[in-house]
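Reviewing the structure listed below.
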Amino acid sequence: MRRGRLRVLLGAAPGVGKTYTMLEEGRRLRDEGRDVVVAFVETHGRTATAAMVEELEVVARRSETHRGLALEEMDLDAVLARRPEIALVDELAHTNAPGGAHPKRWQDVDALLAAGIDVISTVNAQHIESLGDVVLEITGAPQRETIPDAVLRSADQIEVVDLAPQALRDRLAGGLVYPADRIDAALSNYFRLGNLTALRELALLWLADEVDQALKTYRAEHGIQGTWEARERVVVALPGGPEGETLLRRGARIAARSSGGELIAVHVTAPDGLRTRHPDAVAAQRALVERLGGSFHQVVGEDVPRALVEFARSADATQLVIGVSRRSRIAAAFTGPGIGATVIRESGDIDVHIVTHAAAGSTFSLPRLGGALSRTRLIAGFAVALVAGPLLSWLLTLFHSEASITSDVLAYQLLVIVVALVGGIWPGLFAAVLSGLTLNYLFIQPLYSLTITEPRQLLALLFYVANALLVSYVVDQAARRTRLAQRAAAESELLATVAGSVLRGEDALQAMVARTREAFGLSGVRLLVDGQPRVTDGEPATGDRVTSVPIGTRGVLELHGSDLEASERRLLQVIATQLDAAIEHGALASAAEAAGELAETDRVRSALLAAVGHDLRRPLTSASAAISALRAPDLSLARAERDELLDTAAESLDSLAALVTNLLDVSRVQAGALAVTLAPTDLGDVVFPALDELGLGPGEVELDLAEDLHPVAADAGLLQRVVVNLLANAVRHSPDGERVRLAASTFRGSTELRVADHGPGVPPERHDEIFTAFQRLGDTDNEAGLGLGLALSRGFVEGMGGTLTVEDTPGGGLTMVIALPVAEETA
């Protein structure tokens, strides 16, 4: 019997439309003439979903009673008896009530598939077993209903039903997902924007991994060895030394440039000296790979390049990152092509990146302007003369005849030129004299004696020497110009680095001092500014010569090491000029920062004067007028009039005291001197006194305090002032007849108090402005105060270790969210 096909619709969270999409597909298949039934669908009270179900044939459910509750489950036997072509089964990860044929719904589905029935089902990413711990970390909600990854991966078709996180929140706020009494709690807990974004990424990555596995299986079944660049995979070859960190970070940047790029690190252990010489470095690099989101692998191979390429091909890599060889040129000449050259030759269609690193050679230094040719070339020239001279003489002796004297002379002449090209003037002269004497001794009559009987023999020897001098001069000049070009390039690189450090505004002094020490081969460099050490690089050795270079009028650069040549001192003056500019730049930056702080202080002072000018004068004027009227000797007042004037004076003075208190509190918050006493505080002990203080009742405020609220770590007095400020603002901005909603809930070690109104709201781009001191956002009435309420509220909450944020209220308005840590339980 043919086994049925399983098609799964995967969603990031409830409400993205998996069930609706499944029912739409069922209707489409039914309209095509296919036999489709609804085996089980959970509508969750959603009207649109229920309407879709009504248009399809539904198999009756079976009822079970568990712990006094009546539960409805899919009737597996009824579906098998009906034997449709396609069955729609919702919630694949669901746990069945006791009494059914299987404990899990996916096992029921497996029975349908075994009977030859095709199934379309749904599941959320949080129910995938391998993602359980990640989902718990993100949402704080443990998942009790899970489905094994192997079961889900065995599906014939998996599709993601995707919906942008903000669009899902909008659906939730519009009552399209949960009933109205569950919306606020869902928005503030599980359906946070960050949670939904992370869950969406999990679902997409899980499906991408499933597609990747399917691709590998297909390639293996069809014997495809080439790389399919469906996804960038960057393999980094770790040589086992400290340079591995540089290679890893470069590989991570390459992978990051392509969306969904994968980082893979591999260390090849081989018995030819490339074993791990720094196990601590490899362990640290393994941890770094994990932090970068990659995977670490270790393989054993005799042939390191071949092992790297084979691993890269098995991983379907598109990029391979290796380090430049640590071997010297002499070692490379004797041992043949290195790992890099072999990898490039064998890599085929895999791109190879060769990355330089500190271990590849010594630090940067300027070439010294001494002799044109190095000591190595001098030694090599003498070696060629001593080895090639006797060998040439032996060969010429074997084939010598009277007629071969011309070719013998030319052969020795060629030897002199070759030695001069290799070693310069002194080896060339040595070869010229040696060749002339050998020619005279072995090939000119009388043989085996050094005699000069004719002037032309002396002239021939002089020609040898002249040729050696001319060729040596050309070689020496070429070497000298090469050395000058190398030094000019090195000086340009040094100056470019120095100038770039200053222009970028980074730690220019440290960069220039370090570069100076490396460039001139010094043991240590120290920069003193105003007589005090500012930057030090290197460790000066005992007995080093100290050279002091003035840096403008404020600094001195101390150089510890050998004497500098005249050309190096000229370059040092350029560096000194750049250092002086960097010191001046730092001084100007410090002055600008100080001026900025003064400007900010002046701005706050100006704003304070502008804000309090009217608000302080108004209560002072009212109190002064009332008291003057009471003191007027010629004014006869009735008892009621005197009481009214006294009330006016008292209200004005109370208002003035409140303004002064707010101003002092703002000063303490800005100075970081706010006195906070944290203690376990019950929110009810803060909310109800705040309502009493404002005189608010059920007609103005709707309370929704969860029963399982934990005490918070807070200062009860400061928290009450915050709640009073937020409630007063919400009531003032709410339309007539609309109640302010005050709700509280605990989530993942934090308790949130939400004050929501349905007023005009504030544009999202101006949410942060409402917490700015003296900012009223357009309020111009005399009752609006100084605009300090929200600034003080945020300062108080942050002083208690919490946060005060603002969100848009579903349907319009603002919601102020106070988040405070739950108080630790004490024994």
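By order of appearance in the structure tokens: chains A, B, ..., then residues from 1 within every chain, and ligands from 1 in the order shown.
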
Review point. Could you name the residues that touch A:Gly428 at 8 Å or less, counting only C-alpha atoms, but leaving out those on the same chain fewer than 5 positions away, as a list in words?
Key: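 Listing them by chain and then by number gives Gly381, Val416, Ile417, Val419, Ala420, Leu421, Gly423, Ala468, Leu469 and Ser472 of chain A.
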
Check your understanding: Skipping near chain neighbours, those fewer than 2 positions away, what residues fall within 12 Å of A:Glu651 using only C-alpha atoms, listed as a PyMOL selection string?
Key -> chain A and resi 618-624+626+644-649+653-658

**Study point:** Point-to-point distance from atom CA of A:Val58 to atom CA of A:Val37, Å rounded to tenths
**Key:**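 Interatomic distance, atom CA of A:Val58 to atom CA of A:Val37: 5.7 Å.
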
Study note, to complete from the structure: From atom CA of A:Val687 to atom CA of A:Pro711 the spacing works out at 12.8 Å

Review point. Leaving out stretch 97-104 of chain A and any residue of its chain fewer than 4 positions from it, which residues lie within 8 Å of it when counting only C-alpha atoms, given as JSON, numbers by chain?
Key: {"A": [64, 66, 71, 73, 76, 93, 108]}

Since we have the selection now, will you write its residues out, keeping C-alpha atoms, as an mmCIF file, in the first residue's frame?
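File written: again_39.cif
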data_model
loop_
_atom_site.group_PDB
_atom_site.id
_atom_site.type_symbol
_atom_site.label_atom_id
_atom_site.label_comp_id
_atom_site.auth_asym_id
_atom_site.auth_seq_id
_atom_site.Cartn_x
_atom_site.Cartn_y
_atom_site.Cartn_z
ATOM 1 C CA GLU A 64 -12.742 12.257 26.758
ATOM 2 C CA HIS A 66 -9.839 13.914 32.231
ATOM 3 C CA LEU A 71 -11.873 17.224 26.300
ATOM 4 C CA GLU A 73 -9.707 14.962 20.495
ATOM 5 C CA LEU A 76 -8.499 8.389 14.679
ATOM 6 C CA ALA A 93 2.697 18.579 18.405
ATOM 7 C CA ASP A 108 -2.046 9.537 15.086
#

Practice item. Write down as an NGL selection string the residues of stretch 14-243 of chain A whose backbone DSSP state falls under strand (DSSP E or B). Key: :A and (36-40 or 57-58 or 62-66 or 69-73 or 86-89 or 95 or 104 or 118-124 or 128 or 147 or 157-161 or 233-238)

Hey, what's within 6 Å of A:Leu559 if we count only C-alpha atoms and toss same-chain stuff fewer than 2 positions away? As a PDB file with C-alpha atoms, in the first residue's frame, please?
ATOM      1  CA  VAL A 525      59.985  54.523  22.540  1.00  0.00           C
ATOM      2  CA  VAL A 546      68.763  57.302  24.325  1.00  0.00           C
ATOM      3  CA  THR A 547      67.967  59.900  21.665  1.00  0.00           C
TER       4      THR A 547
END

Review point. Counting only C-alpha atoms, which of A:Ala591, A:Arg169, A:Gln720, A:Glu702 gets nearest to A:Ile183?
Key: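 Answer, going by the shortest atom-to-atom distance: A:Arg169.
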